[in-house]
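Text of coords03.txt, listed as compact mmCIF, C-alpha atoms and all ligand atoms:
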```txt
# COMPACT_ATOMS: atom_id res chain seq x y z
CA MET M 1118 0.85 -2.10 25.94
CA ILE M 1119 -0.85 -1.30 22.64
CA ARG M 1120 -0.58 -3.47 19.53
CA VAL M 1121 -1.91 -2.45 16.13
CA GLN M 1122 -1.88 -4.56 12.97
CA VAL M 1123 -1.85 -2.70 9.65
CA PRO M 1124 -2.22 -4.36 6.24
CA ALA M 1125 -0.16 -3.92 3.10
CA THR M 1126 -1.91 -2.18 0.23
CA THR M 1127 -1.73 -2.11 -3.53
CA ALA M 1128 -2.52 1.32 -4.96
CA ASN M 1129 -3.65 2.53 -8.40
CA LEU M 1130 -4.69 -0.96 -9.64
CA GLY M 1131 -3.81 0.31 -13.11
CA PRO M 1132 -6.05 3.28 -13.98
CA GLY M 1133 -6.90 4.61 -10.50
CA PHE M 1134 -3.81 6.77 -9.94
CA ASP M 1135 -4.01 8.34 -6.47
CA CYS M 1136 -7.65 7.31 -5.94
CA LEU M 1137 -7.98 3.48 -5.89
CA GLY M 1138 -6.33 1.06 -3.49
CA MET M 1139 -6.85 -2.37 -2.00
CA ALA M 1140 -5.83 -3.80 1.36
CA LEU M 1141 -4.02 -7.16 1.39
CA GLU M 1142 -3.54 -9.95 3.92
CA LEU M 1143 0.08 -9.13 4.71
CA TYR M 1144 0.80 -7.19 7.89
CA ASN M 1145 3.08 -5.04 9.94
CA VAL M 1146 2.51 -4.95 13.69
CA VAL M 1147 3.25 -1.82 15.74
CA GLU M 1148 3.57 -2.12 19.51
CA PHE M 1149 3.70 0.91 21.85
CA SER M 1150 4.47 0.76 25.57
CA LYS M 1151 5.44 3.34 28.15
CA ILE M 1152 8.90 3.34 29.68
CA HIS M 1153 10.45 5.66 32.28
CA HIS M 1154 12.17 7.97 29.81
CA GLY M 1155 13.58 8.28 26.29
CA LEU M 1156 12.69 6.59 23.02
CA VAL M 1157 13.54 2.95 22.35
CA ILE M 1158 12.73 1.48 18.93
CA GLU M 1159 13.10 -2.24 18.23
CA ILE M 1160 12.61 -3.59 14.74
CA GLU M 1161 12.31 -7.13 13.47
CA GLY M 1162 11.61 -8.43 9.97
CA GLU M 1163 11.57 -6.25 6.86
CA GLY M 1164 13.81 -3.18 7.12
CA SER M 1165 15.37 -4.21 10.44
CA GLY M 1166 18.84 -3.51 9.04
CA GLU M 1167 18.06 -0.11 7.51
CA LEU M 1168 15.19 1.67 9.28
CA PRO M 1169 16.14 4.42 11.75
CA ARG M 1170 15.74 3.68 15.47
CA ASP M 1171 15.49 7.29 16.54
CA GLN M 1172 13.14 10.27 16.10
CA LYS M 1173 13.52 10.02 12.31
CA ASN M 1174 11.55 6.75 12.26
CA LEU M 1175 8.32 7.23 10.31
CA VAL M 1176 6.16 5.39 12.87
CA TYR M 1177 7.47 7.69 15.60
CA ARG M 1178 7.03 10.80 13.41
CA ALA M 1179 3.38 9.86 12.79
CA ALA M 1180 2.85 9.22 16.51
CA ARG M 1181 4.39 12.57 17.40
CA ARG M 1182 1.88 14.33 15.15
CA VAL M 1183 -0.91 12.76 17.23
CA PHE M 1184 0.75 13.57 20.56
CA GLU M 1185 1.10 17.21 19.42
CA LYS M 1186 -2.54 17.29 18.31
CA THR M 1187 -3.90 15.77 21.51
CA GLY M 1188 -1.46 17.49 23.86
CA TYR M 1189 -0.52 14.12 25.36
CA ASP M 1190 3.01 13.61 26.66
CA PRO M 1191 3.90 9.91 26.63
CA GLY M 1192 7.03 10.45 28.75
CA GLY M 1193 9.27 7.55 27.73
CA LEU M 1194 8.15 5.42 24.78
CA ARG M 1195 9.12 1.97 23.56
CA ILE M 1196 8.11 1.10 20.00
CA LYS M 1197 8.44 -2.42 18.67
CA LEU M 1198 7.94 -2.98 14.93
CA SER M 1199 7.36 -6.46 13.50
CA ASN M 1200 7.45 -5.95 9.76
CA ASN M 1201 6.30 -8.25 7.00
CA ILE M 1202 5.69 -5.64 4.28
CA PRO M 1203 8.77 -5.21 2.08
CA LEU M 1204 10.10 -1.65 1.92
CA GLY M 1205 9.95 0.47 -1.21
CA ARG M 1206 8.38 -2.26 -3.33
CA GLY M 1207 4.99 -0.66 -4.03
CA LEU M 1208 3.06 -2.49 -1.32
CA GLY M 1209 2.40 0.46 0.95
CA SER M 1210 5.06 0.00 3.65
CA SER M 1211 5.21 3.73 4.35
CA ALA M 1212 1.41 3.97 4.60
CA SER M 1213 1.43 1.07 7.04
CA ALA M 1214 4.06 2.85 9.18
CA VAL M 1215 2.10 6.13 9.17
CA VAL M 1216 -1.24 4.49 9.95
CA GLY M 1217 0.26 2.25 12.66
CA GLY M 1218 1.92 5.23 14.36
CA ILE M 1219 -1.24 7.36 14.24
CA ILE M 1220 -3.60 4.68 15.55
CA ALA M 1221 -1.25 3.46 18.30
CA ALA M 1222 -0.55 7.03 19.45
CA GLY M 1223 -4.25 7.88 19.38
CA MET M 1224 -4.97 4.88 21.61
CA MET M 1225 -2.12 5.72 23.96
CA SER M 1226 -3.33 9.33 24.23
CA GLY M 1227 -6.82 8.14 25.11
CA ALA M 1228 -8.04 10.29 22.20
CA SER M 1229 -10.90 8.89 20.21
CA LEU M 1230 -9.77 9.99 16.76
CA SER M 1231 -12.50 9.63 14.15
CA ARG M 1232 -11.82 7.73 10.92
CA ARG M 1233 -12.00 11.05 9.10
CA GLU M 1234 -9.34 12.53 11.40
CA ILE M 1235 -7.09 9.48 11.02
CA LEU M 1236 -7.53 9.54 7.22
CA GLY M 1237 -6.82 13.28 7.00
CA LEU M 1238 -3.70 13.07 9.15
CA ALA M 1239 -2.40 9.97 7.36
CA CYS M 1240 -3.01 11.50 3.90
CA SER M 1241 -1.22 14.69 4.84
CA MET M 1242 1.84 12.71 5.92
CA GLU M 1243 1.84 10.19 3.05
CA GLY M 1244 1.08 12.78 0.34
CA HIS M 1245 -1.46 10.62 -1.50
CA PRO M 1246 -4.51 8.75 -0.18
CA ASP M 1247 -4.67 5.48 -2.07
CA ASN M 1248 -2.51 3.42 0.33
CA VAL M 1249 -3.48 4.93 3.68
CA ALA M 1250 -7.23 4.75 2.98
CA PRO M 1251 -7.42 0.97 2.38
CA ALA M 1252 -4.80 0.40 5.11
CA ILE M 1253 -7.26 2.04 7.53
CA LEU M 1254 -10.55 0.81 6.08
CA GLY M 1255 -9.77 -2.52 4.35
CA GLY M 1256 -11.32 -3.75 1.09
CA LEU M 1257 -11.16 -1.71 -2.09
CA VAL M 1258 -11.35 2.02 -1.39
CA ILE M 1259 -12.24 4.80 -3.83
CA TYR M 1260 -11.06 8.11 -2.42
CA THR M 1261 -11.56 11.69 -3.56
CA SER M 1262 -10.10 14.82 -2.09
CA VAL M 1263 -10.80 18.27 -3.50
CA ASP M 1264 -9.71 21.41 -1.65
CA GLY M 1265 -9.40 19.41 1.58
CA GLU M 1266 -12.94 17.99 1.29
CA ILE M 1267 -12.53 14.21 1.52
CA ASN M 1268 -14.94 11.48 0.51
CA TRP M 1269 -14.50 7.76 0.23
CA LEU M 1270 -16.37 4.58 -0.48
CA LYS M 1271 -15.26 1.11 0.54
CA ILE M 1272 -16.25 -1.89 -1.55
CA ASP M 1273 -16.05 -5.48 -0.32
CA LEU M 1274 -14.28 -7.74 -2.77
CA PRO M 1275 -15.75 -10.86 -4.39
CA ALA M 1276 -14.87 -14.30 -3.02
CA GLY M 1277 -12.16 -16.14 -4.95
CA LEU M 1278 -10.29 -13.01 -5.99
CA LYS M 1279 -6.62 -13.13 -5.02
CA VAL M 1280 -3.70 -10.88 -5.77
CA VAL M 1281 -0.45 -12.48 -6.92
CA ALA M 1282 2.38 -10.04 -6.19
CA ALA M 1283 5.73 -10.54 -7.91
CA VAL M 1284 8.15 -8.53 -5.78
CA PRO M 1285 11.57 -7.72 -7.30
CA ASP M 1286 14.56 -7.51 -4.97
CA PHE M 1287 15.25 -3.83 -5.69
CA PRO M 1288 13.40 -0.80 -4.27
CA VAL M 1289 11.74 2.16 -6.00
CA ASN M 1290 11.40 5.31 -3.92
CA THR M 1291 7.77 6.46 -4.26
CA ARG M 1292 8.55 10.17 -3.85
CA GLU M 1293 11.15 10.05 -6.65
CA ALA M 1294 8.87 7.94 -8.86
CA ARG M 1295 6.14 10.59 -8.48
CA GLU M 1296 8.50 13.42 -9.40
CA ASN M 1297 9.18 11.73 -12.74
CA LEU M 1298 5.54 11.77 -13.88
CA PRO M 1299 4.33 14.44 -16.34
CA HIS M 1300 2.00 17.01 -14.74
CA MET M 1301 -0.34 17.24 -17.75
CA VAL M 1302 -2.34 14.50 -19.48
CA THR M 1303 -4.18 14.72 -22.78
CA LEU M 1304 -7.98 14.62 -22.87
CA ARG M 1305 -7.75 11.35 -24.77
CA ASP M 1306 -5.62 9.73 -22.05
CA ALA M 1307 -7.85 11.16 -19.31
CA VAL M 1308 -10.88 9.52 -20.96
CA PHE M 1309 -8.90 6.29 -21.38
CA ASN M 1310 -8.24 6.17 -17.62
CA ILE M 1311 -11.61 7.44 -16.37
CA SER M 1312 -13.47 4.82 -18.41
CA ARG M 1313 -11.25 2.02 -17.18
CA ALA M 1314 -11.30 3.11 -13.53
CA ALA M 1315 -15.11 3.14 -13.62
CA LEU M 1316 -15.17 -0.24 -15.36
CA LEU M 1317 -12.71 -1.70 -12.84
CA VAL M 1318 -14.77 -0.71 -9.80
CA ALA M 1319 -17.99 -2.03 -11.33
CA ALA M 1320 -16.32 -5.26 -12.49
CA LEU M 1321 -14.88 -5.91 -9.03
CA GLN M 1322 -18.16 -5.13 -7.35
CA LYS M 1323 -20.06 -7.50 -9.63
CA GLY M 1324 -17.33 -10.15 -9.67
CA ASP M 1325 -17.07 -9.88 -13.46
CA PHE M 1326 -13.46 -10.96 -13.79
CA ASN M 1327 -13.59 -11.07 -17.62
CA LEU M 1328 -13.43 -7.27 -17.72
CA LEU M 1329 -10.31 -6.92 -15.58
CA GLY M 1330 -7.88 -7.25 -18.51
CA THR M 1331 -9.22 -4.11 -20.16
CA ALA M 1332 -10.13 -2.38 -16.90
CA MET M 1333 -6.61 -2.48 -15.44
CA ASP M 1334 -4.96 -0.67 -18.34
CA ASP M 1335 -3.53 2.79 -17.75
CA ARG M 1336 -1.93 5.74 -19.55
CA ILE M 1337 -1.19 8.09 -16.66
CA HIS M 1338 1.65 6.50 -14.72
CA GLN M 1339 2.54 3.01 -15.89
CA PRO M 1340 4.04 4.07 -19.25
CA TYR M 1341 6.58 6.14 -17.27
CA ARG M 1342 7.26 3.56 -14.58
CA SER M 1343 7.25 0.25 -16.39
CA GLY M 1344 10.58 1.13 -18.05
CA LEU M 1345 12.18 1.04 -14.59
CA ILE M 1346 11.13 -2.61 -14.18
CA PRO M 1347 13.29 -4.95 -16.30
CA GLY M 1348 11.16 -7.62 -17.96
CA TYR M 1349 7.89 -5.75 -17.26
CA LYS M 1350 6.18 -6.58 -20.57
CA LYS M 1351 7.27 -10.22 -20.47
CA VAL M 1352 6.07 -10.68 -16.88
CA VAL M 1353 2.68 -9.15 -17.74
CA SER M 1354 2.27 -11.43 -20.78
CA ALA M 1355 3.38 -14.53 -18.87
CA ALA M 1356 0.94 -13.80 -16.02
CA ARG M 1357 -1.94 -13.34 -18.48
CA LEU M 1358 -1.05 -16.55 -20.33
CA ALA M 1359 -1.04 -18.40 -17.01
CA GLY M 1360 -4.60 -17.21 -16.30
CA ALA M 1361 -4.31 -13.80 -14.62
CA ARG M 1362 -7.39 -11.65 -15.27
CA GLY M 1363 -5.72 -8.24 -14.97
CA VAL M 1364 -2.12 -7.16 -14.37
CA ALA M 1365 -0.67 -3.82 -13.23
CA VAL M 1366 2.24 -2.10 -11.51
CA SER M 1367 1.55 -2.07 -7.76
CA GLY M 1368 1.71 1.52 -6.49
CA ALA M 1369 4.88 3.13 -7.80
CA GLY M 1370 6.43 -0.32 -8.40
CA PRO M 1371 8.55 -2.30 -8.84
CA THR M 1372 6.09 -5.02 -7.73
CA ILE M 1373 3.75 -6.28 -10.44
CA ILE M 1374 0.34 -7.53 -9.30
CA ALA M 1375 -1.90 -10.00 -11.09
CA MET M 1376 -5.56 -10.33 -10.11
CA ALA M 1377 -6.74 -13.90 -10.41
CA ASP M 1378 -9.66 -16.18 -9.60
CA GLY M 1379 -7.68 -19.43 -10.06
CA ASN M 1380 -4.28 -20.79 -11.19
CA TYR M 1381 -2.71 -18.74 -8.39
CA LYS M 1382 0.36 -20.93 -7.91
CA LEU M 1383 1.05 -21.20 -11.63
CA ILE M 1384 0.77 -17.43 -12.06
CA ALA M 1385 3.10 -16.86 -9.08
CA GLU M 1386 5.65 -19.28 -10.49
CA VAL M 1387 5.68 -17.90 -14.07
CA MET M 1388 5.92 -14.29 -12.89
CA LYS M 1389 8.92 -15.10 -10.69
CA GLU M 1390 10.54 -17.22 -13.41
CA THR M 1391 9.99 -14.57 -16.11
CA PHE M 1392 11.56 -11.94 -13.87
CA ARG M 1393 14.51 -14.32 -13.38
CA GLU M 1394 14.92 -14.71 -17.17
CA SER M 1395 15.09 -10.90 -17.36
CA GLY M 1396 17.88 -10.81 -14.79
CA VAL M 1397 15.70 -9.81 -11.83
CA SER M 1398 15.54 -11.86 -8.67
CA ALA M 1399 11.97 -11.70 -7.35
CA ARG M 1400 9.66 -13.49 -4.94
CA SER M 1401 5.99 -14.15 -5.54
CA ILE M 1402 3.35 -13.89 -2.84
CA ILE M 1403 -0.27 -15.01 -3.19
CA LEU M 1404 -2.46 -12.68 -1.14
CA ASP M 1405 -6.14 -12.46 -0.26
CA PRO M 1406 -7.71 -9.02 -0.09
CA ASN M 1407 -7.98 -7.81 3.50
CA PRO M 1408 -11.58 -6.85 4.36
CA VAL M 1409 -11.14 -4.93 7.63
CA GLY M 1410 -8.05 -2.72 7.53
CA ALA M 1411 -6.00 -1.70 10.54
CA ARG M 1412 -7.08 -3.09 13.89
CA ALA M 1413 -5.97 -3.08 17.49
CA LEU M 1414 -4.81 -6.53 18.53
CA GLU M 1415 -4.68 -5.94 22.27
CA VAL M 1416 -4.46 -3.25 24.89
CA ILE M 1417 -3.03 -4.22 28.25
N1 LIG E 1501 7.81 -0.35 9.06
C1 LIG E 1501 8.34 0.83 8.86
N2 LIG E 1501 8.76 1.58 9.89
C2 LIG E 1501 9.26 2.81 9.69
N3 LIG E 1501 9.42 3.38 8.48
C3 LIG E 1501 9.03 2.68 7.42
C4 LIG E 1501 8.47 1.38 7.55
N4 LIG E 1501 8.17 0.93 6.33
C5 LIG E 1501 8.52 1.91 5.47
N5 LIG E 1501 9.04 2.96 6.09
C6 LIG E 1501 9.55 4.20 5.47
O1 LIG E 1501 8.96 4.30 4.19
C7 LIG E 1501 9.96 4.25 3.15
C8 LIG E 1501 9.44 3.48 1.94
O2 LIG E 1501 8.33 4.21 1.44
P1 LIG E 1501 7.97 4.22 -0.10
O3 LIG E 1501 9.14 4.66 -0.91
O4 LIG E 1501 6.71 5.01 -0.19
O5 LIG E 1501 7.72 2.71 -0.46
P2 LIG E 1501 6.44 1.76 -0.26
O6 LIG E 1501 5.98 1.52 -1.65
O7 LIG E 1501 6.93 0.51 0.38
O8 LIG E 1501 5.45 2.51 0.58
C9 LIG E 1501 11.14 3.56 3.82
O9 LIG E 1501 12.35 3.89 3.20
C10 LIG E 1501 11.05 4.10 5.24
O10 LIG E 1501 11.57 5.40 5.31
N1 LIG E 1502 -0.64 6.58 -6.10
C1 LIG E 1502 0.70 6.43 -5.57
C2 LIG E 1502 0.82 5.08 -4.90
C3 LIG E 1502 2.19 4.77 -4.36
O1 LIG E 1502 2.18 3.51 -3.70
P1 LIG E 1502 3.48 2.88 -3.06
O2 LIG E 1502 3.04 1.61 -2.39
O3 LIG E 1502 4.47 2.65 -4.16
O4 LIG E 1502 4.02 3.88 -2.07
C4 LIG E 1502 1.69 6.53 -6.72
O5 LIG E 1502 1.42 5.87 -7.74
O6 LIG E 1502 2.67 7.26 -6.62
```
Whole structure, structure tokens version:
Amino acid sequence: MIRVQVPATTANLGPGFDCLGMALELYNVVEFSKIHHGLVIEIEGEGSGELPRDQKNLVYRAARRVFEKTGYDPGGLRIKLSNNIPLGRGLGSSASAVVGGIIAAGMMSGASLSRREILGLACSMEGHPDNVAPAILGGLVIYTSVDGEINWLKIDLPAGLKVVAAVPDFPVNTREARENLPHMVTLRDAVFNISRAALLVAALQKGDFNLLGTAMDDRIHQPYRSGLIPGYKKVVSAARLAGARGVAVSGAGPTIIAMADGNYKLIAEVMKETFRESGVSARSIILDPNPVGARALEVI
């Protein structure tokens, strides 16, 4: 039996659209074991009532890509999914499914897939790198991909930094949210984002939390997505007033994340309460950054 734990991720962090992401201490666990024949998928936790239990399941589809690549035939396969990452909320549930399927299938095949191979395969399935990269590597990951040439750098995060995630009870489909973004940006807005993305990485590396308020601003995707999140502006203001250092839409939303180095419980409470005042039922989760990324729990 093979068990792989994969963390949730928060992508973009404001200005780093499709190139910055952070792993978080919230996990899905994927378990693969051989059976005589057929495919059996068991799901508990998040998505247990809606995720497919057949060949359409994303974890299985990712695994099949590896089996095809390695030429391994698993015969019968039992997949058990224990999910804690909410679906379609901007916390990288699909990346976690893809990465879990790839790593578990690689282990089952006896193939020693390199990190580069796992990253390449996961990116090609997910369509953007900023969730799968930190899900695999942990920490804060800066990722570039030009004409198939990939490069990345992982940065360990400073002690005391936590992410407060206010998670509304409605989903946003990432693929649809991406289709609604304009394909062109002005030079002015490009400079706005480049400067902040650079500032954000340096501020996080140095532990200079004072800069996060400015550094997490964005003009490329949030202006088009925040309108889909009722109460967005009020939740951002309330989080800042309660002590959050920087606030942004997590991935494609609708979750809003606040980076903080204290007042975590107060920030969590005011974000949830402000959502409620705007007619949105939400839960707040206080999360540490995850430093290691996906890992095998046991192989029997
Ligand atoms: N644990 C899982 N197992 C299988 N498929 C999953 C799992 N989690 C997410 N998915 C797939 O990913 C979709 C959500 O992906 P997406 O819209 O990108 O949202 P998110 O921001 O959570 O990644 C789900 O509708 C489902 O198809
Ligand atoms: N860069 C992507 C990130 C999507 O993250 P998700 O967790 O919402 O899937 C985007 O902004 O579309």
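Closest approach to ligand LIG 1501 (chain E) among M:Gly1410, M:Gly1348, M:Gly1324, M:Pro1124 is made by M:Pro1124 (distances from all atoms listed in the file).
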Proximity of chain M to ligand LIG 1502 (chain E): per-residue shortest pair, 8 Å limit, all atoms listed in the file, as JSON lines:
```
{"residue": "M:Thr1126", "atom": "CA", "partner": "E:LIG1502", "partner_atom": "O2", "distance": 6.8}
{"residue": "M:Thr1127", "atom": "CA", "partner": "E:LIG1502", "partner_atom": "O2", "distance": 6.2}
{"residue": "M:Ala1128", "atom": "CA", "partner": "E:LIG1502", "partner_atom": "C2", "distance": 5.0}
{"residue": "M:Asn1129", "atom": "CA", "partner": "E:LIG1502", "partner_atom": "N1", "distance": 5.5}
{"residue": "M:Gly1133", "atom": "CA", "partner": "E:LIG1502", "partner_atom": "N1", "distance": 7.9}
{"residue": "M:Phe1134", "atom": "CA", "partner": "E:LIG1502", "partner_atom": "N1", "distance": 5.0}
{"residue": "M:Asp1135", "atom": "CA", "partner": "E:LIG1502", "partner_atom": "N1", "distance": 3.8}
{"residue": "M:Cys1136", "atom": "CA", "partner": "E:LIG1502", "partner_atom": "N1", "distance": 7.0}
{"residue": "M:Leu1137", "atom": "CA", "partner": "E:LIG1502", "partner_atom": "N1", "distance": 8.0}
{"residue": "M:Gly1205", "atom": "CA", "partner": "E:LIG1502", "partner_atom": "O3", "distance": 6.6}
{"residue": "M:Arg1206", "atom": "CA", "partner": "E:LIG1502", "partner_atom": "O3", "distance": 6.3}
{"residue": "M:Gly1207", "atom": "CA", "partner": "E:LIG1502", "partner_atom": "O3", "distance": 3.4}
{"residue": "M:Leu1208", "atom": "CA", "partner": "E:LIG1502", "partner_atom": "O2", "distance": 4.2}
{"residue": "M:Gly1209", "atom": "CA", "partner": "E:LIG1502", "partner_atom": "O2", "distance": 3.6}
{"residue": "M:Ser1210", "atom": "CA", "partner": "E:LIG1502", "partner_atom": "O2", "distance": 6.6}
{"residue": "M:Ser1211", "atom": "CA", "partner": "E:LIG1502", "partner_atom": "O4", "distance": 6.5}
{"residue": "M:Ala1212", "atom": "CA", "partner": "E:LIG1502", "partner_atom": "O4", "distance": 7.2}
{"residue": "M:His1245", "atom": "CA", "partner": "E:LIG1502", "partner_atom": "N1", "distance": 6.2}
{"residue": "M:Pro1246", "atom": "CA", "partner": "E:LIG1502", "partner_atom": "N1", "distance": 7.4}
{"residue": "M:Asp1247", "atom": "CA", "partner": "E:LIG1502", "partner_atom": "N1", "distance": 5.8}
{"residue": "M:Asn1248", "atom": "CA", "partner": "E:LIG1502", "partner_atom": "O1", "distance": 6.2}
{"residue": "M:Val1289", "atom": "CA", "partner": "E:LIG1502", "partner_atom": "O3", "distance": 7.5}
{"residue": "M:Asn1290", "atom": "CA", "partner": "E:LIG1502", "partner_atom": "O3", "distance": 7.4}
{"residue": "M:Thr1291", "atom": "CA", "partner": "E:LIG1502", "partner_atom": "O3", "distance": 5.0}
{"residue": "M:Arg1292", "atom": "CA", "partner": "E:LIG1502", "partner_atom": "O6", "distance": 7.1}
{"residue": "M:Ala1294", "atom": "CA", "partner": "E:LIG1502", "partner_atom": "O6", "distance": 6.6}
{"residue": "M:Arg1295", "atom": "CA", "partner": "E:LIG1502", "partner_atom": "O6", "distance": 5.2}
{"residue": "M:His1338", "atom": "CA", "partner": "E:LIG1502", "partner_atom": "O5", "distance": 7.0}
{"residue": "M:Ser1367", "atom": "CA", "partner": "E:LIG1502", "partner_atom": "O3", "distance": 6.6}
{"residue": "M:Gly1368", "atom": "CA", "partner": "E:LIG1502", "partner_atom": "O1", "distance": 3.5}
{"residue": "M:Ala1369", "atom": "CA", "partner": "E:LIG1502", "partner_atom": "O3", "distance": 3.7}
{"residue": "M:Gly1370", "atom": "CA", "partner": "E:LIG1502", "partner_atom": "O3", "distance": 5.5}
{"residue": "M:Pro1371", "atom": "CA", "partner": "E:LIG1502", "partner_atom": "O3", "distance": 7.9}
```
Write the residues you've just listed into a file as a PDB file, in the coordinates of the input, and include C-alpha atoms for each of them.
```pdb
ATOM      1  CA  THR M1126      -1.910  -2.180   0.230  1.00  0.00           C
ATOM      2  CA  THR M1127      -1.730  -2.110  -3.530  1.00  0.00           C
ATOM      3  CA  ALA M1128      -2.520   1.320  -4.960  1.00  0.00           C
ATOM      4  CA  ASN M1129      -3.650   2.530  -8.400  1.00  0.00           C
ATOM      5  CA  GLY M1133      -6.900   4.610 -10.500  1.00  0.00           C
ATOM      6  CA  PHE M1134      -3.810   6.770  -9.940  1.00  0.00           C
ATOM      7  CA  ASP M1135      -4.010   8.340  -6.470  1.00  0.00           C
ATOM      8  CA  CYS M1136      -7.650   7.310  -5.940  1.00  0.00           C
ATOM      9  CA  LEU M1137      -7.980   3.480  -5.890  1.00  0.00           C
ATOM     10  CA  GLY M1205       9.950   0.470  -1.210  1.00  0.00           C
ATOM     11  CA  ARG M1206       8.380  -2.260  -3.330  1.00  0.00           C
ATOM     12  CA  GLY M1207       4.990  -0.660  -4.030  1.00  0.00           C
ATOM     13  CA  LEU M1208       3.060  -2.490  -1.320  1.00  0.00           C
ATOM     14  CA  GLY M1209       2.400   0.460   0.950  1.00  0.00           C
ATOM     15  CA  SER M1210       5.060   0.000   3.650  1.00  0.00           C
ATOM     16  CA  SER M1211       5.210   3.730   4.350  1.00  0.00           C
ATOM     17  CA  ALA M1212       1.410   3.970   4.600  1.00  0.00           C
ATOM     18  CA  HIS M1245      -1.460  10.620  -1.500  1.00  0.00           C
ATOM     19  CA  PRO M1246      -4.510   8.750  -0.180  1.00  0.00           C
ATOM     20  CA  ASP M1247      -4.670   5.480  -2.070  1.00  0.00           C
ATOM     21  CA  ASN M1248      -2.510   3.420   0.330  1.00  0.00           C
ATOM     22  CA  VAL M1289      11.740   2.160  -6.000  1.00  0.00           C
ATOM     23  CA  ASN M1290      11.400   5.310  -3.920  1.00  0.00           C
ATOM     24  CA  THR M1291       7.770   6.460  -4.260  1.00  0.00           C
ATOM     25  CA  ARG M1292       8.550  10.170  -3.850  1.00  0.00           C
ATOM     26  CA  ALA M1294       8.870   7.940  -8.860  1.00  0.00           C
ATOM     27  CA  ARG M1295       6.140  10.590  -8.480  1.00  0.00           C
ATOM     28  CA  HIS M1338       1.650   6.500 -14.720  1.00  0.00           C
ATOM     29  CA  SER M1367       1.550  -2.070  -7.760  1.00  0.00           C
ATOM     30  CA  GLY M1368       1.710   1.520  -6.490  1.00  0.00           C
ATOM     31  CA  ALA M1369       4.880   3.130  -7.800  1.00  0.00           C
ATOM     32  CA  GLY M1370       6.430  -0.320  -8.400  1.00  0.00           C
ATOM     33  CA  PRO M1371       8.550  -2.300  -8.840  1.00  0.00           C
TER      34      PRO M1371
END
```
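One finds CA of Asn1380 (chain M) at 6.2 Å from CA of Gly1360 (chain M).
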Original post:
Which one of M:Leu1383, M:Ile1160, M:Met1118, M:Leu1130 sits closest to ligand LIG 1501 (chain E) if you count only C-alpha atoms and all ligand atoms?
Top reply: M:Ile1160
Original post:
Counting all atoms listed in the file, which of M:Tyr1381, M:Tyr1144, M:Phe1149, M:Phe1392 gets nearest to Val1280 (chain M)?
Top reply: M:Tyr1381
Original post:
Excluding same-chain residues fewer than 5 positions from Ile1272 (chain M), what lies within 12 Å of it counting only C-alpha atoms, as JSON, numbers by chain?
Top reply: {"M": [1137, 1138, 1139, 1140, 1251, 1254, 1255, 1256, 1257, 1258, 1259, 1260, 1317, 1318, 1319, 1320, 1321, 1322, 1323, 1324, 1406, 1407, 1408, 1409]}
Adding 4 Å on each side of the box along x, y and z that holds all listed atoms of region 1138-1153 of chain M, could you give its centre and edge lengths in Å to one decimal, as JSON?
```
{"center_x": 1.8, "center_y": -2.1, "center_z": 14.4, "size_x": 25.3, "size_y": 23.6, "size_z": 43.8}
```
Subject >> Proximity to Ala1332 (chain M) - best of M:Met1388, M:Ala1125, M:Ile1311, M:Ala1377, only C-alpha atoms >> reply: M:Ile1311
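As for atom C1 of ligand LIG 1501 (chain E) and CA of Gly1237 (chain M), they are spaced 19.7 Å apart.
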**OP:** May I have the residues within 8 Å of Gly1162 (chain M) as a PyMOL selection string, using all atoms listed in the file and disregarding those fewer than 3 positions away in the same chain?
**Re:** chain M and resi 1165+1199-1201
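Relative to CA of Val1147 (chain M), CA of Glu1293 (chain M) is found at 26.5 Å.
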